Each structure stands twice: as C-alpha cells, then as structure tokens.
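Text of protein-v4.pdb, listed as PDB, C-alpha atoms and all ligand atoms:
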```
MODEL        1
ATOM      1  CA  MET V   1     -10.745  47.738  72.017
ATOM      2  CA  ASN V   2     -14.508  47.291  72.324
ATOM      3  CA  SER V   3     -16.672  46.335  75.292
ATOM      4  CA  GLU V   4     -16.035  42.641  74.605
ATOM      5  CA  ASN V   5     -12.323  43.224  75.023
ATOM      6  CA  PHE V   6     -11.062  42.541  71.525
ATOM      7  CA  SER V   7      -9.983  44.664  68.523
ATOM      8  CA  LEU V   8     -10.067  44.127  64.778
ATOM      9  CA  ILE V   9      -9.135  46.242  61.762
ATOM     10  CA  VAL V  10      -9.002  45.104  58.120
ATOM     11  CA  HIS V  11      -8.064  46.692  54.777
ATOM     12  CA  GLY V  12      -8.629  46.112  51.082
ATOM     13  CA  GLY V  13      -5.776  48.213  49.769
ATOM     14  CA  ALA V  14      -4.832  51.865  49.390
ATOM     15  CA  TRP V  15      -5.528  52.898  45.810
ATOM     16  CA  SER V  16      -7.474  55.331  43.660
ATOM     17  CA  ILE V  17     -10.767  53.544  44.318
ATOM     18  CA  PRO V  18     -13.286  54.862  41.778
ATOM     19  CA  ASP V  19     -16.755  55.863  43.011
ATOM     20  CA  ALA V  20     -18.196  52.890  41.131
ATOM     21  CA  ALA V  21     -16.154  50.464  43.252
ATOM     22  CA  VAL V  22     -16.868  51.974  46.669
ATOM     23  CA  ALA V  23     -19.993  49.903  47.381
ATOM     24  CA  ASP V  24     -18.202  46.631  46.551
ATOM     25  CA  CYS V  25     -15.243  47.611  48.729
ATOM     26  CA  ARG V  26     -17.503  48.504  51.636
ATOM     27  CA  SER V  27     -19.424  45.274  51.355
ATOM     28  CA  GLY V  28     -16.208  43.219  51.258
ATOM     29  CA  ILE V  29     -14.750  45.038  54.259
ATOM     30  CA  HIS V  30     -18.014  44.571  56.179
ATOM     31  CA  SER V  31     -18.068  40.823  55.486
ATOM     32  CA  SER V  32     -14.433  40.527  56.500
ATOM     33  CA  LEU V  33     -15.097  42.310  59.802
ATOM     34  CA  GLU V  34     -18.046  40.000  60.424
ATOM     35  CA  ALA V  35     -15.896  36.915  59.859
ATOM     36  CA  GLY V  36     -13.181  38.186  62.188
ATOM     37  CA  ARG V  37     -15.623  39.285  64.870
ATOM     38  CA  LYS V  38     -17.328  35.888  64.833
ATOM     39  CA  VAL V  39     -14.020  34.280  65.766
ATOM     40  CA  LEU V  40     -13.096  36.858  68.414
ATOM     41  CA  SER V  41     -16.531  36.999  70.048
ATOM     42  CA  HIS V  42     -16.413  33.225  70.565
ATOM     43  CA  GLY V  43     -13.099  33.534  72.366
ATOM     44  CA  GLY V  44     -11.034  32.595  69.300
ATOM     45  CA  SER V  45      -7.433  33.662  68.823
ATOM     46  CA  ALA V  46      -6.169  36.748  67.030
ATOM     47  CA  LEU V  47      -4.465  34.426  64.517
ATOM     48  CA  ASP V  48      -7.747  32.668  63.740
ATOM     49  CA  ALA V  49      -9.509  36.021  63.380
ATOM     50  CA  VAL V  50      -6.870  37.409  61.002
ATOM     51  CA  GLU V  51      -7.002  34.267  58.880
ATOM     52  CA  ALA V  52     -10.813  34.260  58.747
ATOM     53  CA  ALA V  53     -11.003  37.973  57.896
ATOM     54  CA  ILE V  54      -8.431  37.635  55.096
ATOM     55  CA  VAL V  55     -10.029  34.515  53.585
ATOM     56  CA  VAL V  56     -13.198  36.567  52.983
ATOM     57  CA  LEU V  57     -11.204  39.265  51.174
ATOM     58  CA  GLU V  58      -9.227  36.728  49.125
ATOM     59  CA  GLU V  59     -12.499  35.222  47.918
ATOM     60  CA  ASP V  60     -13.958  38.613  46.961
ATOM     61  CA  ILE V  61     -13.004  39.552  43.383
ATOM     62  CA  THR V  62     -13.113  43.246  44.284
ATOM     63  CA  PHE V  63      -9.669  42.941  45.792
ATOM     64  CA  ASP V  64      -6.214  42.117  44.454
ATOM     65  CA  ALA V  65      -5.775  38.925  46.467
ATOM     66  CA  GLY V  66      -6.785  35.339  45.770
ATOM     67  CA  ILE V  67      -9.251  35.030  42.902
ATOM     68  CA  GLY V  68      -9.524  38.217  40.830
ATOM     69  CA  SER V  69      -5.893  39.267  41.324
ATOM     70  CA  HIS V  70      -3.908  41.129  38.697
ATOM     71  CA  LEU V  71      -2.135  38.980  36.113
ATOM     72  CA  ASN V  72       1.624  39.084  35.783
ATOM     73  CA  ARG V  73       3.515  39.771  32.545
ATOM     74  CA  ASP V  74       2.915  36.158  31.441
ATOM     75  CA  GLY V  75      -0.814  36.284  32.082
ATOM     76  CA  ARG V  76      -0.652  34.230  35.282
ATOM     77  CA  VAL V  77      -1.742  34.994  38.842
ATOM     78  CA  GLN V  78       1.080  34.720  41.398
ATOM     79  CA  LEU V  79       0.028  35.206  44.999
ATOM     80  CA  ASP V  80       1.889  36.243  48.173
ATOM     81  CA  ALA V  81       0.705  36.087  51.800
ATOM     82  CA  ILE V  82       1.996  36.298  55.355
ATOM     83  CA  ILE V  83       0.579  35.883  58.849
ATOM     84  CA  MET V  84       2.528  36.735  62.014
ATOM     85  CA  ASP V  85       2.059  35.895  65.676
ATOM     86  CA  ALA V  86       3.073  38.778  67.967
ATOM     87  CA  VAL V  87       3.575  36.496  70.969
ATOM     88  CA  THR V  88       6.211  34.222  69.417
ATOM     89  CA  LEU V  89       7.414  36.552  66.625
ATOM     90  CA  LYS V  90       6.934  33.547  64.316
ATOM     91  CA  ALA V  91       5.583  34.198  60.836
ATOM     92  CA  GLY V  92       4.387  31.978  58.026
ATOM     93  CA  ALA V  93       4.803  33.429  54.540
ATOM     94  CA  VAL V  94       4.318  32.105  51.015
ATOM     95  CA  ALA V  95       5.214  33.846  47.770
ATOM     96  CA  ALA V  96       4.649  33.449  44.034
ATOM     97  CA  VAL V  97       2.170  30.590  44.441
ATOM     98  CA  GLU V  98      -0.067  29.876  41.448
ATOM     99  CA  ARG V  99      -2.234  26.969  42.558
ATOM    100  CA  ILE V 100      -3.490  28.067  45.974
ATOM    101  CA  LYS V 101      -6.940  29.641  46.353
ATOM    102  CA  ASN V 102      -6.345  30.976  49.847
ATOM    103  CA  PRO V 103      -2.644  31.647  50.352
ATOM    104  CA  ILE V 104      -3.328  33.016  53.838
ATOM    105  CA  ARG V 105      -4.410  29.487  54.872
ATOM    106  CA  LEU V 106      -1.151  28.092  53.525
ATOM    107  CA  ALA V 107       0.816  30.812  55.335
ATOM    108  CA  ARG V 108      -1.000  29.909  58.558
ATOM    109  CA  LYS V 109      -0.190  26.226  58.059
ATOM    110  CA  LEU V 110       3.477  27.118  57.635
ATOM    111  CA  LEU V 111       3.373  29.231  60.785
ATOM    112  CA  GLU V 112       1.861  26.375  62.781
ATOM    113  CA  SER V 113       3.654  23.338  61.482
ATOM    114  CA  SER V 114       7.040  24.189  60.047
ATOM    115  CA  SER V 115      10.297  25.477  61.419
ATOM    116  CA  HIS V 116      10.580  27.625  58.282
ATOM    117  CA  MET V 117       9.103  31.088  57.963
ATOM    118  CA  MET V 118       8.804  31.486  54.188
ATOM    119  CA  LEU V 119       8.400  29.256  51.135
ATOM    120  CA  THR V 120       8.110  30.288  47.493
ATOM    121  CA  GLY V 121       6.614  28.881  44.301
ATOM    122  CA  ALA V 122       6.943  25.151  43.756
ATOM    123  CA  GLY V 123       8.260  24.570  47.296
ATOM    124  CA  ALA V 124       5.280  26.325  48.841
ATOM    125  CA  GLU V 125       2.909  24.273  46.680
ATOM    126  CA  LEU V 126       4.702  21.055  47.628
ATOM    127  CA  PHE V 127       4.275  22.014  51.283
ATOM    128  CA  ALA V 128       0.565  22.583  50.597
ATOM    129  CA  GLN V 129       0.216  19.103  49.087
ATOM    130  CA  GLU V 130       2.068  17.499  51.982
ATOM    131  CA  SER V 131      -0.111  19.433  54.441
ATOM    132  CA  GLY V 132      -3.403  18.443  52.855
ATOM    133  CA  ILE V 133      -4.184  21.890  51.413
ATOM    134  CA  PRO V 134      -5.717  21.342  47.970
ATOM    135  CA  LEU V 135      -4.105  22.784  44.848
ATOM    136  CA  CYS V 136      -6.342  24.508  42.329
ATOM    137  CA  ASP V 137      -5.888  24.924  38.613
ATOM    138  CA  PRO V 138      -4.115  28.283  37.992
ATOM    139  CA  SER V 139      -6.952  29.290  35.646
ATOM    140  CA  GLU V 140      -9.410  29.219  38.576
ATOM    141  CA  LEU V 141      -7.755  32.364  39.976
ATOM    142  CA  ILE V 142      -8.211  34.362  36.753
ATOM    143  CA  ILE V 143     -11.345  36.401  36.099
ATOM    144  CA  GLU V 144     -12.475  37.991  32.841
ATOM    145  CA  ARG V 145     -12.019  41.580  34.089
ATOM    146  CA  GLU V 146      -8.341  41.015  34.793
ATOM    147  CA  ARG V 147      -7.714  39.018  31.611
ATOM    148  CA  THR V 148      -9.213  41.867  29.558
ATOM    149  CA  ALA V 149      -7.101  44.422  31.443
ATOM    150  CA  TRP V 150      -3.987  42.324  30.844
ATOM    151  CA  LEU V 151      -4.721  42.012  27.124
ATOM    152  CA  ARG V 152      -5.048  45.796  26.861
ATOM    153  CA  CYS V 153      -1.801  46.261  28.759
ATOM    154  CA  ARG V 154      -0.108  43.955  26.274
ATOM    155  CA  GLU V 155      -1.317  46.205  23.490
ATOM    156  CA  GLY V 156       0.708  48.951  25.111
ATOM    157  CA  ASN V 157      -2.033  50.771  26.964
ATOM    158  CA  HIS V 158      -0.929  50.113  30.498
ATOM    159  CA  GLU V 159      -3.474  52.307  32.238
ATOM    160  CA  SER V 160      -4.948  51.872  35.670
ATOM    161  CA  GLU V 161      -8.534  52.279  34.459
ATOM    162  CA  PHE V 162      -8.243  48.949  32.680
ATOM    163  CA  HIS V 163      -7.885  47.443  36.122
ATOM    164  CA  PHE V 164     -11.192  48.737  37.435
ATOM    165  CA  GLY V 165      -9.374  51.857  38.561
ATOM    166  CA  HIS V 166      -6.804  50.084  40.669
ATOM    167  CA  ARG V 167      -3.151  49.424  40.329
ATOM    168  CA  HIS V 168      -2.973  47.898  43.785
ATOM    169  CA  GLY V 169      -5.499  46.400  46.188
ATOM    170  CA  THR V 170      -3.796  44.103  48.638
ATOM    171  CA  VAL V 171      -5.776  42.945  51.682
ATOM    172  CA  GLY V 172      -4.827  42.645  55.329
ATOM    173  CA  ALA V 173      -6.087  42.260  58.871
ATOM    174  CA  VAL V 174      -4.835  42.938  62.383
ATOM    175  CA  ALA V 175      -6.492  41.581  65.532
ATOM    176  CA  ARG V 176      -6.104  41.602  69.292
ATOM    177  CA  ASP V 177      -8.069  38.865  71.007
ATOM    178  CA  SER V 178      -9.737  38.881  74.418
ATOM    179  CA  ARG V 179      -6.578  37.415  75.965
ATOM    180  CA  GLY V 180      -4.586  40.374  74.646
ATOM    181  CA  ARG V 181      -2.749  38.414  71.921
ATOM    182  CA  LEU V 182      -1.964  40.320  68.730
ATOM    183  CA  ALA V 183      -1.601  39.007  65.154
ATOM    184  CA  ALA V 184      -1.392  40.515  61.673
ATOM    185  CA  GLY V 185      -1.640  39.223  58.113
ATOM    186  CA  THR V 186      -1.403  40.438  54.513
ATOM    187  CA  SER V 187      -2.333  38.800  51.192
ATOM    188  CA  THR V 188      -1.896  40.053  47.636
ATOM    189  CA  GLY V 189      -1.783  39.345  43.932
ATOM    190  CA  GLY V 190       0.915  42.000  43.702
ATOM    191  CA  THR V 191       1.219  44.597  40.995
ATOM    192  CA  CYS V 192      -0.345  44.196  37.563
ATOM    193  CA  CYS V 193       1.918  42.950  34.775
ATOM    194  CA  LYS V 194       4.717  42.310  37.272
ATOM    195  CA  PHE V 195       7.720  40.339  36.090
ATOM    196  CA  PRO V 196       7.206  36.589  36.722
ATOM    197  CA  GLY V 197       8.634  35.773  40.134
ATOM    198  CA  ARG V 198       8.471  39.364  41.374
ATOM    199  CA  ILE V 199       7.773  39.469  45.088
ATOM    200  CA  GLY V 200       6.714  42.722  46.711
ATOM    201  CA  ASP V 201       6.642  43.884  50.309
ATOM    202  CA  SER V 202       3.482  42.025  51.277
ATOM    203  CA  PRO V 203       4.869  38.599  52.322
ATOM    204  CA  LEU V 204       8.128  40.000  53.713
ATOM    205  CA  ILE V 205       8.378  40.107  57.478
ATOM    206  CA  GLY V 206       8.754  43.728  58.628
ATOM    207  CA  CYS V 207       7.783  45.153  55.233
ATOM    208  CA  GLY V 208       4.164  44.243  54.482
ATOM    209  CA  CYS V 209       3.438  42.853  57.949
ATOM    210  CA  TYR V 210       4.854  42.815  61.457
ATOM    211  CA  ALA V 211       3.580  41.925  64.918
ATOM    212  CA  ASP V 212       5.323  42.215  68.282
ATOM    213  CA  ALA V 213       3.487  41.755  71.572
ATOM    214  CA  ASP V 214       5.702  44.438  73.143
ATOM    215  CA  ALA V 215       4.382  47.134  70.823
ATOM    216  CA  GLY V 216       1.688  46.332  68.244
ATOM    217  CA  ALA V 217       0.825  44.707  64.920
ATOM    218  CA  VAL V 218       0.661  46.142  61.385
ATOM    219  CA  SER V 219      -0.438  45.278  57.836
ATOM    220  CA  CYS V 220       0.635  47.482  54.902
ATOM    221  CA  THR V 221      -0.427  48.167  51.337
ATOM    222  CA  GLY V 222       0.934  50.285  48.520
ATOM    223  CA  HIS V 223       3.940  50.341  46.239
ATOM    224  CA  GLY V 224       5.872  47.266  47.340
ATOM    225  CA  GLU V 225       9.319  48.278  46.133
ATOM    226  CA  ALA V 226       9.005  51.532  48.129
ATOM    227  CA  ILE V 227       7.560  49.912  51.259
ATOM    228  CA  MET V 228      10.529  47.522  51.306
ATOM    229  CA  LYS V 229      12.952  50.452  51.321
ATOM    230  CA  VAL V 230      11.594  51.796  54.616
ATOM    231  CA  VAL V 231      10.591  48.389  56.098
ATOM    232  CA  MET V 232       7.295  50.086  56.797
ATOM    233  CA  ALA V 233       5.507  47.608  59.073
ATOM    234  CA  LYS V 234       8.531  47.276  61.379
ATOM    235  CA  SER V 235       9.016  51.051  61.305
ATOM    236  CA  ALA V 236       5.449  51.506  62.533
ATOM    237  CA  VAL V 237       5.880  48.929  65.295
ATOM    238  CA  ASP V 238       9.107  50.626  66.388
ATOM    239  CA  LEU V 239       7.289  53.955  66.649
ATOM    240  CA  LEU V 240       4.727  52.276  68.906
ATOM    241  CA  ARG V 241       7.569  50.766  70.920
ATOM    242  CA  THR V 242       9.016  54.186  71.594
ATOM    243  CA  GLY V 243       5.693  55.509  72.891
ATOM    244  CA  ALA V 244       3.905  56.929  69.846
ATOM    245  CA  SER V 245       0.113  56.677  69.906
ATOM    246  CA  ALA V 246      -1.552  54.323  67.415
ATOM    247  CA  ALA V 247      -2.661  57.254  65.259
ATOM    248  CA  ALA V 248       0.766  58.923  65.329
ATOM    249  CA  ALA V 249       2.581  55.693  64.463
ATOM    250  CA  ALA V 250       0.298  55.103  61.473
ATOM    251  CA  THR V 251       0.618  58.666  60.183
ATOM    252  CA  GLU V 252       4.371  58.967  60.695
ATOM    253  CA  SER V 253       5.089  55.654  58.961
ATOM    254  CA  VAL V 254       3.250  56.731  55.812
ATOM    255  CA  GLN V 255       4.987  60.123  56.014
ATOM    256  CA  LEU V 256       8.307  58.284  56.189
ATOM    257  CA  LEU V 257       7.353  56.330  53.046
ATOM    258  CA  ALA V 258       6.447  59.541  51.224
ATOM    259  CA  ARG V 259       9.510  61.461  52.380
ATOM    260  CA  ARG V 260      12.141  58.799  51.699
ATOM    261  CA  THR V 261      10.665  57.172  48.583
ATOM    262  CA  GLN V 262       8.205  59.743  47.146
ATOM    263  CA  SER V 263       5.757  56.865  46.934
ATOM    264  CA  THR V 264       2.282  55.994  48.121
ATOM    265  CA  GLY V 265       0.675  53.462  50.395
ATOM    266  CA  GLY V 266      -1.189  52.901  53.596
ATOM    267  CA  LEU V 267      -1.341  50.742  56.683
ATOM    268  CA  ILE V 268      -3.555  49.521  59.472
ATOM    269  CA  LEU V 269      -2.374  48.734  62.990
ATOM    270  CA  ILE V 270      -3.419  47.902  66.536
ATOM    271  CA  ASP V 271      -1.252  48.868  69.492
ATOM    272  CA  ARG V 272      -0.698  46.546  72.425
ATOM    273  CA  GLU V 273      -3.569  48.185  74.365
ATOM    274  CA  GLY V 274      -5.938  47.432  71.486
ATOM    275  CA  HIS V 275      -6.279  50.856  69.847
ATOM    276  CA  PRO V 276      -6.760  50.569  66.058
ATOM    277  CA  ALA V 277      -5.488  53.180  63.597
ATOM    278  CA  ALA V 278      -5.043  53.595  59.851
ATOM    279  CA  TRP V 279      -3.365  56.072  57.520
ATOM    280  CA  PHE V 280      -2.719  56.373  53.770
ATOM    281  CA  ASN V 281      -1.521  58.918  51.224
ATOM    282  CA  THR V 282      -3.413  57.523  48.213
ATOM    283  CA  PRO V 283      -6.764  59.016  47.154
ATOM    284  CA  ARG V 284      -8.619  56.347  49.131
ATOM    285  CA  MET V 285      -8.095  53.212  51.204
ATOM    286  CA  ALA V 286     -10.710  50.509  51.774
ATOM    287  CA  TYR V 287     -10.709  49.626  55.467
ATOM    288  CA  GLY V 288     -12.845  49.085  58.504
ATOM    289  CA  TYR V 289     -12.618  48.418  62.213
ATOM    290  CA  ILE V 290     -14.738  47.612  65.224
ATOM    291  CA  GLU V 291     -15.644  50.716  67.234
ATOM    292  CA  VAL V 292     -15.575  50.859  71.043
ATOM    293  CA  ASP V 293     -19.370  50.336  71.113
ATOM    294  CA  GLY V 294     -19.034  47.189  68.951
ATOM    295  CA  SER V 295     -20.359  48.737  65.726
ATOM    296  CA  PHE V 296     -18.423  48.612  62.436
ATOM    297  CA  ARG V 297     -16.829  51.690  60.910
ATOM    298  CA  VAL V 298     -16.323  51.019  57.194
ATOM    299  CA  LEU V 299     -14.502  53.337  54.769
ATOM    300  CA  PRO V 300     -14.490  54.945  52.257
ATOM    301  CA  GLU V 301     -18.003  56.309  52.853
TER     302      GLU V 301
HETATM  303  N1  LIG L   1       2.137  46.033  48.211
HETATM  304  C1  LIG L   1       1.623  45.232  47.145
HETATM  305  C2  LIG L   1       2.762  44.812  46.259
HETATM  306  O1  LIG L   1       3.614  45.626  45.960
HETATM  307  C3  LIG L   1       0.579  45.911  46.353
HETATM  308  C4  LIG L   1      -0.506  46.596  47.149
HETATM  309  O2  LIG L   1      -0.412  46.718  48.356
HETATM  310  O3  LIG L   1      -1.493  47.006  46.587
HETATM  311  O4  LIG L   1       2.779  43.696  45.825
ENDMDL
END
```

When written as structure tokens, how does the structure in this file appear?
Ligand code: ASP
Amino acid sequence: MNSENFSLIVHGGAWSIPDAAVADCRSGIHSSLEAGRKVLSHGGSALDAVEAAIVVLEEDITFDAGIGSHLNRDGRVQLDAIIMDAVTLKAGAVAAVERIKNPIRLARKLLESSSHMMLTGAGAELFAQESGIPLCDPSELIIERERTAWLRCREGNHESEFHFGHRHGTVGAVARDSRGRLAAGTSTGGTCCKFPGRIGDSPLIGCGCYADADAGAVSCTGHGEAIMKVVMAKSAVDLLRTGASAAAAATESVQLLARRTQSTGGLILIDREGHPAAWFNTPRMAYGYIEVDGSFRVLPE
C-alpha cells in the first residue's frame, strides 16, 4: 500500500520474453499502471482500476490479450476474460468470444448486471449486444505478426520464436482501493494454435483469478491446463487466509504448480492489508506495481 492508501499490481504474462521485447513490455506495464493509478488516486474503486489497467494491456499488441492475440487452430482469435469482486465474491467471466475488442469490459458488465457469472461464445456476444457493448469484426483482432506465426505453425514448424518469442502472454491486474476493497482480473487470447473452443485457466474462477476480502486477490498466467489442476489463484488466496505473507503465498503457489504438474507460470497478488507480491518460474514475467513511495516498479529491467 502506498502513502495514498491504495495498491496496484499488473502483469503481462510469464513467458520467455526475448530481450528485443523487454522495452515494449515495460512500456505497456507502465501505461497500465498509470491507467489504474488514475482511477485509484481519484477515489475510484478497485474494480474500476482493474478494468482500466487491463483495457490498456488488451489494446497493446505486445500482449496475448485483445488485439494481437495468438490465433487458434482455425486462424481465429478467441478471447477469455474474468473480473472478480472480493467483497461480494461475484465474478463476471466471458470465454471464447471472437467479436469483442475488450473482453474485460464485457466481463465487468456481466459482473454488474447479470445474475450469471460466466458466458461463452455466441451467448456472451449476444449479452454484449443486449448490453450496448459493440461487436467488432473478428479480423480486427488479428495482426500480421500473429497471422505469419500461425501460417508457419501450419507448415509444421510450431516454434515459439514465430510468436515473437512467446507461447503465452496473458494480462492481469489486482487492486486494493482507498476504502480497502480488493478486486482482480485476467484477460487472454489463450495458447497459440489452440483447438477451437479451448478454454484455459484464465476466465475460470479460482484458476486464473480469485478475490476474497478475507484474504487477498490474485491473477495468474502460464500453462492453463496445469494451472487448472492446482486451482492456482484459489490456492494462493487460501495460503493468505492461513497466515502466509504475500511473498510466501505467491512463491508457494508457483512451487505447488511446479511440483504437482511440472509446469510453468506466474502470478500477482495483493493481500488484504495491501501488500503486493509476484512470483514465476518462467525465464521472465512482465509485471509492475506501485511502490510504498508512489513510484512504479516495472519488470523485467
Ligand atoms: N493461462 C493462459 C491460458 O492457458 C495463457 C497464459 O497465461 O499465458 O490460456
């Protein structure tokens, strides 16, 4: 928590970020922190801050969320997102949407104005239309870099370097506002060349995201099928609940992922007192948070 009494941490995925991509990651993380801080410093809610911070990352083609996401096996972008309110334990989640530029906004709309917690595909897009959220053309989410990578994958050379060095690159944010309310969110294009309709951990409550006012709030990234096995976000919150420090909860959750699934990933969290923490077992993770003195710490350096 900083001197203004709020906390914010954001991530742009845990992956083998090549040196050439570090500057773009840092700039995206910095802009996301700025957007979230603007909300929080004006007395806005943690939910508003999480949404604002994630929108910036979805609109940045550096990351695997919103425009610039990986293409699935059929050459289409299918997006997943979730946002969760720690006070009410209510979440809004959307999955496998193809015509939504900012799925985190749709997830937020679902959180606020539906009794449901999760909608997929055509149903989620129908909800968007009925809620006044514009649909885009699916082609607007596809960029040349990812189309080229997809074409090379189809030729049988499924290598991560064709994806600008990344196989993953989900985004997320966790905030605690000046009234002490916590929220978390996660948004992703999922894994490259995924089977159409595949949904990973990201939009699943407890897996890619969890928030409970009694303990803390978490957003995850990494190999979705592995994160689901250990329900990583809920596992981290439960560690906080039983008295682990923010740093210990983050580290132990990623260790659990590695030990039980031999897989890789990372997470960011904020405990109920407002302490941020992050951990990952990939070569690098793009993330940043607001320091106690109000400055931004942005990684990797
Ligand atoms: N967890 C995401 C998924 O499996 C990918 C990532 O975090 O990079 O869809």

Original post:
Of the candidates V:Ile17, V:Ile83, V:Cys209, V:Ala244, which shows the shortest atom-to-atom distance to Ala46 in chain V, using all atoms listed in the file?
Top reply: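 Smallest separation from Ala46 in chain V among the options: V:Ile83.
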
Subject >> Atom-to-atom span, CA of Pro138 in chain V and CA of Arg76 in chain V, Å >> reply: 7.4 Å

Counting all atoms listed in the file, what are the residues of range 103-209 of chain V within 9 Å of range 64-74 of chain V, and for each of them which pair of atoms is the nearest and at what distance in Å, to one decimal? Sort the table by chain and rising number, as a tab-separated table.
```
residue	atom	partner	partner_atom	distance
V:Pro103	CA	V:Gly66	CA	7.2
V:Glu140	CA	V:Ile67	CA	7.2
V:Leu141	CA	V:Ile67	CA	4.2
V:Ile142	CA	V:Gly68	CA	5.8
V:Ile143	CA	V:Gly68	CA	5.4
V:Glu144	CA	V:Gly68	CA	8.5
V:Arg145	CA	V:Gly68	CA	7.9
V:Glu146	CA	V:His70	CA	5.9
V:Arg147	CA	V:Leu71	CA	7.2
V:Ala149	CA	V:His70	CA	8.6
V:Trp150	CA	V:Leu71	CA	6.5
V:Arg154	CA	V:Arg73	CA	8.4
V:His163	CA	V:His70	CA	7.9
V:His166	CA	V:Asp64	CA	8.8
V:Arg167	CA	V:His70	CA	8.5
V:His168	CA	V:Asp64	CA	6.7
V:Gly169	CA	V:Asp64	CA	4.7
V:Thr170	CA	V:Asp64	CA	5.2
V:Val171	CA	V:Ala65	CA	6.6
V:Ser187	CA	V:Ala65	CA	5.8
V:Thr188	CA	V:Ala65	CA	4.2
V:Gly189	CA	V:Ala65	CA	4.7
V:Gly190	CA	V:His70	CA	7.0
V:Thr191	CA	V:His70	CA	6.6
V:Cys192	CA	V:His70	CA	4.8
V:Cys193	CA	V:Asn72	CA	4.0
V:Lys194	CA	V:Asn72	CA	4.7
V:Phe195	CA	V:Arg73	CA	5.5
V:Pro196	CA	V:Asn72	CA	6.2
V:Gly197	CA	V:Asn72	CA	8.9
V:Arg198	CA	V:Asn72	CA	8.8
```

Original post:
Contacts of range 210-217 of chain V at 6 Å or less, counting only C-alpha atoms, minus same-chain residues fewer than 3 places along, as JSON, numbers by chain?
Top reply: {"V": [86, 87, 183, 184, 205, 206, 233, 234, 237, 240, 241, 269, 270, 271, 272]}

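If you look at CA of Ser114 in chain V and CA of Val94 in chain V, they are 12.3 Å away from each other.
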
**OP:** Could you tell me which residues the PyMOL selection byres (((chain V and resi 251) around 10) and not hetatm) grabs in this file, written as a list in words?
**Re:**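 Going through the file, the PyMOL selection byres (((chain V and resi 251) around 10) and not hetatm) ends up selecting Ala236, Ser245, Ala246, Ala247, Ala248, Ala249, Ala250, Glu252, Ser253, Val254, Gln255, Leu256, Gly266, Leu267, Ala277, Ala278, Trp279, Phe280 and Asn281 of chain V.
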
Subject >> Shortest interatomic distance to Ala96 in chain V - which of V:Ala14, V:Leu79, V:Val218, V:Val22, counting all atoms listed in the file >> reply: V:Leu79

Could you work out an axis-aligned box for ligand LIG 1 (chain L), taking every atom the file lists and adding 4 Å on each side, and report centre and edge lengths in Å to one decimal, as JSON?
```
{"center_x": 1.1, "center_y": 45.4, "center_z": 47.1, "size_x": 13.1, "size_y": 11.3, "size_z": 10.5}
```

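Straight-line separation from CA of Ala173 in chain V to CA of Ser41 in chain V: 16.2 Å.
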
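In this comparison, which uses only C-alpha atoms, the residue of V:Leu33, V:Ala23, V:Val56, V:Val10 approaching Ser295 in chain V most closely is V:Leu33.
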
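Nearest-residue note for Glu59 in chain V: choosing from V:Gly13, V:Gly288, V:Gly28, V:Gly265, the minimum distance belongs to V:Gly28, counting all atoms listed in the file.
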
**OP:** Point out the residue among V:Ala91, V:Ile290, V:Ala49, V:Ala81 with the least atom-to-atom distance to ligand LIG 1 (chain L), counting only C-alpha atoms and all ligand atoms.
**Re:**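 Under the stated criterion, the closest residue is V:Ala81.
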
Write out as a PDB file with C-alpha atoms, in the coordinates of the input which residues come within 12 Å of Ser27 in chain V when counting all atoms listed in the file, dropping same-chain ones fewer than 3 positions away.
```
ATOM      1  CA  HIS V  11      -8.064  46.692  54.777  1.00  0.00           C
ATOM      2  CA  GLY V  12      -8.629  46.112  51.082  1.00  0.00           C
ATOM      3  CA  ALA V  21     -16.154  50.464  43.252  1.00  0.00           C
ATOM      4  CA  VAL V  22     -16.868  51.974  46.669  1.00  0.00           C
ATOM      5  CA  ALA V  23     -19.993  49.903  47.381  1.00  0.00           C
ATOM      6  CA  ASP V  24     -18.202  46.631  46.551  1.00  0.00           C
ATOM      7  CA  HIS V  30     -18.014  44.571  56.179  1.00  0.00           C
ATOM      8  CA  SER V  31     -18.068  40.823  55.486  1.00  0.00           C
ATOM      9  CA  SER V  32     -14.433  40.527  56.500  1.00  0.00           C
ATOM     10  CA  LEU V  33     -15.097  42.310  59.802  1.00  0.00           C
ATOM     11  CA  GLU V  34     -18.046  40.000  60.424  1.00  0.00           C
ATOM     12  CA  VAL V  56     -13.198  36.567  52.983  1.00  0.00           C
ATOM     13  CA  LEU V  57     -11.204  39.265  51.174  1.00  0.00           C
ATOM     14  CA  ASP V  60     -13.958  38.613  46.961  1.00  0.00           C
ATOM     15  CA  ILE V  61     -13.004  39.552  43.383  1.00  0.00           C
ATOM     16  CA  THR V  62     -13.113  43.246  44.284  1.00  0.00           C
ATOM     17  CA  PHE V  63      -9.669  42.941  45.792  1.00  0.00           C
ATOM     18  CA  ALA V 286     -10.710  50.509  51.774  1.00  0.00           C
ATOM     19  CA  TYR V 287     -10.709  49.626  55.467  1.00  0.00           C
ATOM     20  CA  GLY V 288     -12.845  49.085  58.504  1.00  0.00           C
ATOM     21  CA  PHE V 296     -18.423  48.612  62.436  1.00  0.00           C
ATOM     22  CA  ARG V 297     -16.829  51.690  60.910  1.00  0.00           C
ATOM     23  CA  VAL V 298     -16.323  51.019  57.194  1.00  0.00           C
ATOM     24  CA  LEU V 299     -14.502  53.337  54.769  1.00  0.00           C
ATOM     25  CA  PRO V 300     -14.490  54.945  52.257  1.00  0.00           C
ATOM     26  CA  GLU V 301     -18.003  56.309  52.853  1.00  0.00           C
TER      27      GLU V 301
END
```

**OP:** Using all atoms listed in the file, find the one residue out of V:Lys109, V:Arg181, V:His223, V:His116 that sits nearest to ligand LIG 1 (chain L).
**Re:**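 Among the listed residues, V:His223 lies closest to ligand LIG 1 (chain L).
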
**OP:** Kindly resolve the PyMOL selection byres (((chain V and resi 102) around 8) and not hetatm) on the present coordinates and return the residues as a ChimeraX atom specification.
**Re:** /V:55,58-59,66,100-101,103-106
